[in-house]
>>> print(open('final.txt').read())   # compact mmCIF, C-alpha atoms
# COMPACT_ATOMS: atom_id res chain seq x y z
CA MET U 1 0.00 0.00 0.00
CA GLU U 2 2.81 2.42 0.90
CA ILE U 3 4.62 1.61 -2.35
CA LEU U 4 1.45 2.30 -4.34
CA LEU U 5 1.00 5.64 -2.58
CA VAL U 6 4.60 6.62 -3.36
CA LEU U 7 4.09 5.71 -7.04
CA ILE U 8 0.90 7.78 -7.25
CA ILE U 9 2.56 10.80 -5.66
CA ALA U 10 5.55 10.48 -7.99
CA ALA U 11 3.30 10.27 -11.06
CA LEU U 12 1.23 13.27 -10.06
CA THR U 13 4.35 15.27 -9.31
CA GLY U 14 5.71 14.44 -12.76
CA ILE U 15 2.49 15.58 -14.40
CA PHE U 16 2.52 18.84 -12.47
CA ILE U 17 6.15 19.61 -13.34
CA ARG U 18 5.58 18.83 -17.01
CA ARG U 19 2.62 21.20 -17.12
CA TYR U 20 4.40 23.94 -15.19
CA TYR U 21 7.29 24.12 -17.64
CA ILE U 22 7.17 27.36 -19.64
CA MET U 23 8.53 27.38 -23.13
CA GLU U 24 10.88 30.14 -24.11
CA LYS U 25 8.93 30.55 -27.36
CA GLY U 26 5.78 31.45 -25.53
CA PHE U 27 3.56 28.37 -25.25
CA TYR U 28 2.01 27.23 -22.00
CA LEU U 29 0.26 24.06 -21.03
CA GLU U 30 -2.22 23.99 -18.23
CA ARG U 31 -0.21 23.62 -15.01
CA ALA U 32 -3.13 23.03 -12.66
CA LEU U 33 -4.93 19.97 -14.02
CA VAL U 34 -3.85 17.80 -11.12
CA LYS U 35 -4.91 20.40 -8.59
CA ARG U 36 -8.20 20.96 -10.36
CA PHE U 37 -8.95 17.26 -10.61
CA PHE U 38 -8.57 16.73 -6.88
CA SER U 39 -10.07 20.02 -5.68
CA ASN U 40 -12.30 22.90 -6.70
CA ALA U 41 -9.35 25.10 -7.61
CA ARG U 42 -9.60 27.43 -10.57
CA PRO U 43 -7.94 26.28 -13.81
CA THR U 44 -4.82 27.90 -15.15
CA ALA U 45 -4.38 28.88 -18.77
CA ALA U 46 -2.43 26.48 -20.77
CA VAL U 47 -0.57 27.29 -23.61
CA ASP U 48 1.58 28.89 -26.14
CA GLU U 49 3.24 27.73 -23.21
CA ASN U 50 5.09 21.30 -24.59
CA PHE U 51 3.21 21.14 -25.73
CA GLU U 52 4.90 23.16 -28.55
CA ARG U 53 8.49 22.35 -27.74
CA LYS U 54 9.70 22.35 -31.32
CA ALA U 55 7.72 25.35 -32.53
CA PRO U 56 10.00 28.08 -33.80
CA SER U 57 9.33 31.71 -33.07
CA HIS U 58 8.75 33.79 -36.16
CA MET U 59 9.71 36.98 -34.36
CA PRO U 60 12.23 38.82 -36.52
CA LYS U 61 15.66 39.28 -34.98
CA SER U 62 16.27 42.82 -33.86
CA VAL U 63 19.52 44.57 -34.68
CA PRO U 64 21.09 46.28 -31.65
CA LYS U 65 21.95 49.94 -32.06
CA THR U 66 25.34 49.66 -30.38
CA MET U 67 28.06 47.08 -29.89
CA GLU U 68 27.70 47.57 -26.13
CA ALA U 69 24.04 46.56 -26.27
CA LYS U 70 24.92 43.47 -28.30
CA MET U 71 27.68 42.43 -25.90
CA LEU U 72 25.42 42.89 -22.88
CA TYR U 73 22.70 40.88 -24.60
CA ASN U 74 25.12 38.02 -25.23
CA LYS U 75 26.14 38.06 -21.56
CA ALA U 76 22.48 38.10 -20.52
CA MET U 77 21.81 35.07 -22.71
CA ILE U 78 24.57 33.12 -20.97
CA PHE U 79 22.83 33.65 -17.62
CA TYR U 80 19.43 32.97 -19.17
CA GLU U 81 20.50 29.64 -20.64
CA ARG U 82 22.11 28.67 -17.32
CA GLY U 83 18.81 29.34 -15.57
CA ASP U 84 20.19 32.25 -13.55
CA MET U 85 17.18 34.46 -14.10
CA ASP U 86 18.13 37.10 -11.54
CA GLU U 87 21.38 37.93 -13.31
CA ALA U 88 19.79 37.58 -16.72
CA GLU U 89 17.07 40.02 -15.69
CA LYS U 90 19.64 42.63 -14.63
CA LYS U 91 21.54 42.32 -17.89
CA PHE U 92 18.45 42.47 -20.10
CA ILE U 93 17.32 45.61 -18.27
CA GLN U 94 20.73 47.16 -18.99
CA VAL U 95 20.39 46.19 -22.65
CA ILE U 96 16.97 47.82 -22.92
CA SER U 97 18.23 50.96 -21.20
CA LEU U 98 20.77 51.25 -24.03
CA ASP U 99 18.34 50.30 -26.79
CA GLN U 100 14.62 50.57 -26.03
CA ASN U 101 13.72 48.86 -29.33
CA PHE U 102 15.88 45.76 -28.86
CA THR U 103 12.96 43.34 -29.24
CA ASP U 104 14.94 40.16 -28.50
CA ALA U 105 15.93 41.54 -25.10
CA ILE U 106 12.39 42.74 -24.38
CA HIS U 107 11.04 39.32 -25.30
CA LYS U 108 13.45 37.44 -23.04
CA LEU U 109 12.82 39.82 -20.13
CA GLY U 110 9.09 39.34 -20.58
CA LEU U 111 9.53 35.57 -20.42
CA ILE U 112 11.55 35.93 -17.23
CA TYR U 113 8.73 37.93 -15.66
CA LEU U 114 6.23 35.26 -16.68
CA LYS U 115 8.42 32.62 -15.01
CA GLN U 116 8.67 34.79 -11.90
CA ASP U 117 4.89 35.39 -11.82
CA GLN U 118 5.45 39.11 -12.26
CA PHE U 119 2.54 39.32 -14.64
CA SER U 120 1.93 43.07 -14.70
CA ARG U 121 5.57 43.64 -15.70
CA ALA U 122 5.30 40.93 -18.33
CA GLU U 123 2.13 42.54 -19.64
CA ALA U 124 3.86 45.90 -20.08
CA LEU U 125 6.71 44.32 -22.05
CA PHE U 126 4.54 42.19 -24.29
CA ARG U 127 2.26 45.16 -25.00
CA GLN U 128 5.37 47.00 -26.13
CA LEU U 129 6.30 44.06 -28.34
CA VAL U 130 2.92 43.72 -30.03
CA ASN U 131 3.07 47.41 -30.84
CA HIS U 132 6.33 46.75 -32.70
CA LEU U 133 5.47 43.25 -33.95
CA ASP U 134 1.72 43.21 -34.45
CA THR U 135 1.91 40.17 -36.73
CA ASP U 136 3.91 37.98 -34.34
CA ALA U 137 1.64 35.29 -32.90
CA VAL U 138 4.02 34.38 -30.08
CA CYS U 139 3.99 37.91 -28.67
CA HIS U 140 0.18 38.02 -28.68
CA SER U 141 0.00 34.63 -26.99
CA ASN U 142 2.44 35.65 -24.25
CA LEU U 143 0.48 38.84 -23.71
CA GLY U 144 -2.61 36.67 -23.34
CA ARG U 145 -0.87 34.64 -20.65
CA ALA U 146 0.13 37.74 -18.70
CA LEU U 147 -3.41 39.12 -18.91
CA TYR U 148 -5.00 35.78 -17.99
CA GLU U 149 -2.96 35.49 -14.82
CA GLN U 150 -4.22 38.93 -13.76
CA GLU U 151 -7.80 37.79 -14.44
CA LYS U 152 -8.17 40.25 -17.31
CA PHE U 153 -10.07 37.59 -19.18
CA ASP U 154 -11.69 39.63 -21.93
CA GLU U 155 -8.36 41.14 -22.93
CA ALA U 156 -6.64 37.76 -22.63
CA LEU U 157 -9.22 36.27 -24.96
CA ASP U 158 -8.58 38.95 -27.56
CA SER U 159 -4.84 38.27 -27.39
CA TYR U 160 -5.17 34.50 -27.69
CA LEU U 161 -7.66 34.76 -30.55
CA LYS U 162 -5.29 37.13 -32.33
CA SER U 163 -2.44 34.65 -31.91
CA ILE U 164 -4.61 31.91 -33.45
CA GLU U 165 -5.61 34.21 -36.29
CA LEU U 166 -1.95 34.82 -37.06
CA ASP U 167 -0.85 31.19 -36.67
CA ASN U 168 -3.40 28.42 -36.13
CA SER U 169 -0.87 25.58 -36.25
CA ARG U 170 -0.10 25.53 -32.49
CA PRO U 171 -2.56 23.35 -30.53
CA GLY U 172 -1.47 24.82 -27.21
CA ARG U 173 -2.95 28.17 -28.16
CA PHE U 174 -6.35 26.54 -28.56
CA VAL U 175 -6.04 24.96 -25.12
CA SER U 176 -5.23 28.33 -23.56
CA THR U 177 -8.14 29.95 -25.33
CA ALA U 178 -10.38 27.17 -24.04
CA GLU U 179 -9.26 27.95 -20.49
CA VAL U 180 -10.13 31.62 -20.98
CA TYR U 181 -13.57 30.68 -22.27
CA ARG U 182 -14.04 28.52 -19.18
CA ARG U 183 -13.32 31.46 -16.93
CA LEU U 184 -15.83 33.51 -18.92
CA ASN U 185 -18.41 30.71 -18.50
CA GLN U 186 -18.57 30.18 -22.26
CA ASN U 187 -18.22 26.43 -22.06
CA GLU U 188 -19.49 25.57 -25.53
CA LYS U 189 -16.79 27.74 -27.05
CA ALA U 190 -14.27 26.16 -24.67
CA ARG U 191 -15.34 22.74 -25.91
CA GLY U 192 -14.74 23.79 -29.49
CA MET U 193 -11.26 25.04 -28.68
CA TYR U 194 -10.28 21.81 -26.91
CA GLU U 195 -11.47 19.80 -29.89
CA ALA U 196 -9.55 22.03 -32.29
CA ALA U 197 -6.38 21.39 -30.28
CA LEU U 198 -6.94 17.64 -30.44
CA GLN U 199 -7.50 17.77 -34.19
CA LEU U 200 -4.00 19.19 -34.47
CA ASP U 201 -2.44 16.84 -31.89
CA PRO U 202 -4.79 13.88 -31.30
CA THR U 203 -2.35 11.76 -29.26
CA ASN U 204 -1.22 14.45 -26.81
CA THR U 205 -2.10 12.90 -23.46
CA ASP U 206 -1.96 16.26 -21.66
CA TYR U 207 -4.60 17.71 -23.96
CA LEU U 208 -6.68 14.52 -23.83
CA LEU U 209 -6.74 14.50 -20.03
CA THR U 210 -7.42 18.22 -19.80
CA TYR U 211 -10.40 17.90 -22.11
CA ALA U 212 -11.60 14.74 -20.36
CA HIS U 213 -11.58 16.56 -17.06
CA PHE U 214 -13.54 19.43 -18.59
CA LEU U 215 -16.13 16.93 -19.84
CA ILE U 216 -16.38 15.32 -16.40
CA GLU U 217 -17.09 18.76 -14.94
CA GLU U 218 -19.72 19.23 -17.65
CA LYS U 219 -21.35 15.92 -16.58
CA ASP U 220 -20.56 14.43 -19.98
CA SER U 221 -18.94 11.31 -18.55
CA LEU U 222 -19.69 9.14 -21.58
CA LYS U 223 -17.66 11.35 -23.89
CA ALA U 224 -14.99 11.90 -21.24
CA ARG U 225 -14.54 8.14 -21.03
CA LEU U 226 -13.68 8.04 -24.76
CA TYR U 227 -10.78 10.45 -24.24
CA VAL U 228 -9.63 8.70 -21.08
CA ASP U 229 -9.62 5.36 -22.92
CA THR U 230 -7.55 6.95 -25.69
CA VAL U 231 -4.95 7.96 -23.11
CA LEU U 232 -4.91 4.45 -21.65
CA LYS U 233 -4.29 2.98 -25.09
CA ILE U 234 -1.23 5.20 -25.37
CA GLN U 235 -0.16 4.95 -21.71
CA PRO U 236 -1.85 1.94 -20.04
CA ASP U 237 -0.31 2.80 -16.65
CA ASN U 238 -1.25 6.50 -16.64
CA LEU U 239 -2.46 6.95 -13.06
CA MET U 240 -4.35 10.15 -13.79
CA ALA U 241 -6.29 8.45 -16.57
CA LEU U 242 -7.03 5.48 -14.33
CA GLU U 243 -8.43 7.81 -11.66
CA MET U 244 -10.52 9.64 -14.25
CA LYS U 245 -11.86 6.34 -15.55
CA LYS U 246 -13.20 5.60 -12.08
CA GLU U 247 -14.71 9.07 -11.97
CA CYS U 248 -16.48 8.46 -15.29
CA GLU U 249 -17.97 5.24 -14.00
CA GLN U 250 -19.52 6.80 -10.90
>>> encode(input="final.txt", output="structure tokens")
Amino acid sequence: MEILLVLIIAALTGIFIRRYYIMEKGFYLERALVKRFFSNARPTAAVDENFERKAPSHMPKSVPKTMEAKMLYNKAMIFYERGDMDEAEKKFIQVISLDQNFTDAIHKLGLIYLKQDQFSRAEALFRQLVNHLDTDAVCHSNLGRALYEQEKFDEALDSYLKSIELDNSRPGRFVSTAEVYRRLNQNEKARGMYEAALQLDPTNTDYLLTYAHFLIEEKDSLKARLYVDTVLKIQPDNLMALEMKKECEQ
């Protein structure tokens, strides 16, 4: 019994960590599915945030105005890639003080603030970016994330929908938009967004479980069971899916 409990805790921890990971490119998966499944906690937006691990950013590279700005940026990137976000933050701020239009530095600093849960600061930076790069889907999606976390749901929805309009190839964006619709109590539209994500990535177990949980909440256990069974075909020992299967049968 103790061994089984340890295995369950380890599995749930792994799911949580996988969902919490934030992609540098700007895609976020829902990090609170486990919490939501076992409590009445509010959901967290997924998206542009693995979801989309291999998705390249189409943001054009900015050209620094001075050699000093470029050198500082390169130093900042060393800290960023090491995971030393405090030092990276300081260096990126110095870069932007030298060149206020250095979009690569603004983008990286915005991602740092998202990782640090400093969402109002992230919002300010990504608003600046979308003003410069209105056609960049990643920037709009990251702005949506920053707005979502501040419960500015109407604005977050606009940002996510814009990111989909610009690039509808990233399933994570549809998942995030679904989460916004949930918070706005527009569950039919949320359902459509989840299904759009799964059309793009039908074997993604994170998306399958997220949608299955939504369906359980909607009292649509029969349909939820279909998605849970799909997960179990892919991962027969998936503990979350096994727990959801029991939930569907109640």
>>> atom_distance(input="final.txt", atom1="atom CA of Thr135 of chain U", atom2="atom CA of Ser163 of chain U")
8.5 Å
>>> atom_distance(input="final.txt", atom1="atom CA of Gly172 of chain U", atom2="atom CA of Leu147 of chain U")
16.6 Å
>>> residues_around(input="final.txt", residues="Lys223 of chain U", least_positions_apart="6", cutoff="9 Å", atoms="all atoms listed in the file", output="PDB file with C-alpha atoms, keeping the file's coordinate frame")
ATOM      1  CA  ALA U 212     -11.600  14.740 -20.360  1.00  0.00           C
ATOM      2  CA  LEU U 215     -16.130  16.930 -19.840  1.00  0.00           C
ATOM      3  CA  ILE U 216     -16.380  15.320 -16.400  1.00  0.00           C
TER       4      ILE U 216
END
>>> residues_around(input="final.txt", residues="Val130 of chain U", least_positions_apart="4", cutoff="8 Å", atoms="only C-alpha atoms", output="list of chain:residue names")
U:Phe126, U:Asp134, U:Thr135, U:Asp136, U:Cys139, U:His140
>>> closest_residue(input="final.txt", among="U:Cys248, U:Ala241, U:Met71, U:Val95", to="Leu222 of chain U", atoms="all atoms listed in the file")
U:Cys248
>>> atom_distance(input="final.txt", atom1="atom CA of Glu81 of chain U", atom2="atom CA of Gln118 of chain U")
19.7 Å
>>> closest_residue(input="final.txt", among="U:Leu109, U:Leu72, U:Ala178, U:Leu143", to="Ala196 of chain U", atoms="all atoms listed in the file")
U:Ala178
>>> closest_residue(input="final.txt", among="U:Ala69, U:Leu208, U:Ile112, U:Met77", to="Ile234 of chain U", atoms="all atoms listed in the file")
U:Leu208
>>> residues_around(input="final.txt", residues="Met85 of chain U", least_positions_apart="5", cutoff="12 Å", atoms="only C-alpha atoms", output="short mmCIF file (atom, residue, chain, number, x, y, z; two decimals) with C-alpha atoms, keeping the file's coordinate frame")
data_model
loop_
_atom_site.label_atom_id
_atom_site.label_comp_id
_atom_site.auth_asym_id
_atom_site.auth_seq_id
_atom_site.Cartn_x
_atom_site.Cartn_y
_atom_site.Cartn_z
CA ALA U 76 22.48 38.10 -20.52
CA MET U 77 21.81 35.07 -22.71
CA ILE U 78 24.57 33.12 -20.97
CA PHE U 79 22.83 33.65 -17.62
CA TYR U 80 19.43 32.97 -19.17
CA LYS U 90 19.64 42.63 -14.63
CA LYS U 91 21.54 42.32 -17.89
CA PHE U 92 18.45 42.47 -20.10
CA ILE U 93 17.32 45.61 -18.27
CA LYS U 108 13.45 37.44 -23.04
CA LEU U 109 12.82 39.82 -20.13
CA GLY U 110 9.09 39.34 -20.58
CA LEU U 111 9.53 35.57 -20.42
CA ILE U 112 11.55 35.93 -17.23
CA TYR U 113 8.73 37.93 -15.66
CA LEU U 114 6.23 35.26 -16.68
CA LYS U 115 8.42 32.62 -15.01
CA GLN U 116 8.67 34.79 -11.90
#
>>> closest_residue(input="final.txt", among="U:Ser176, U:Thr66, U:Ser141, U:Gln150", to="Tyr207 of chain U", atoms="only C-alpha atoms")
U:Ser176
>>> residues_around(input="final.txt", residues="Ala197 of chain U", least_positions_apart="2", cutoff="9 Å", atoms="all atoms listed in the file", output="PyMOL selection string")
chain U and resi 170-175+192-195+199-202+207
>>> axis_aligned_box(input="final.txt", around="segment 116-125 of chain U", padding_each_side="4 Å", output="lines of an AutoDock Vina configuration file")
center_x = 5.3
center_y = 40.3
center_z = -16.9
size_x = 14.7
size_y = 19.1
size_z = 18.2
>>> closest_residue(input="final.txt", among="U:Val138, U:Ile96, U:Val180, U:Val231", to="Thr205 of chain U", atoms="all atoms listed in the file")
U:Val231
>>> closest_residue(input="final.txt", among="U:Lys162, U:Leu242, U:Leu198, U:Asp154", to="Gln186 of chain U", atoms="all atoms listed in the file")
U:Asp154
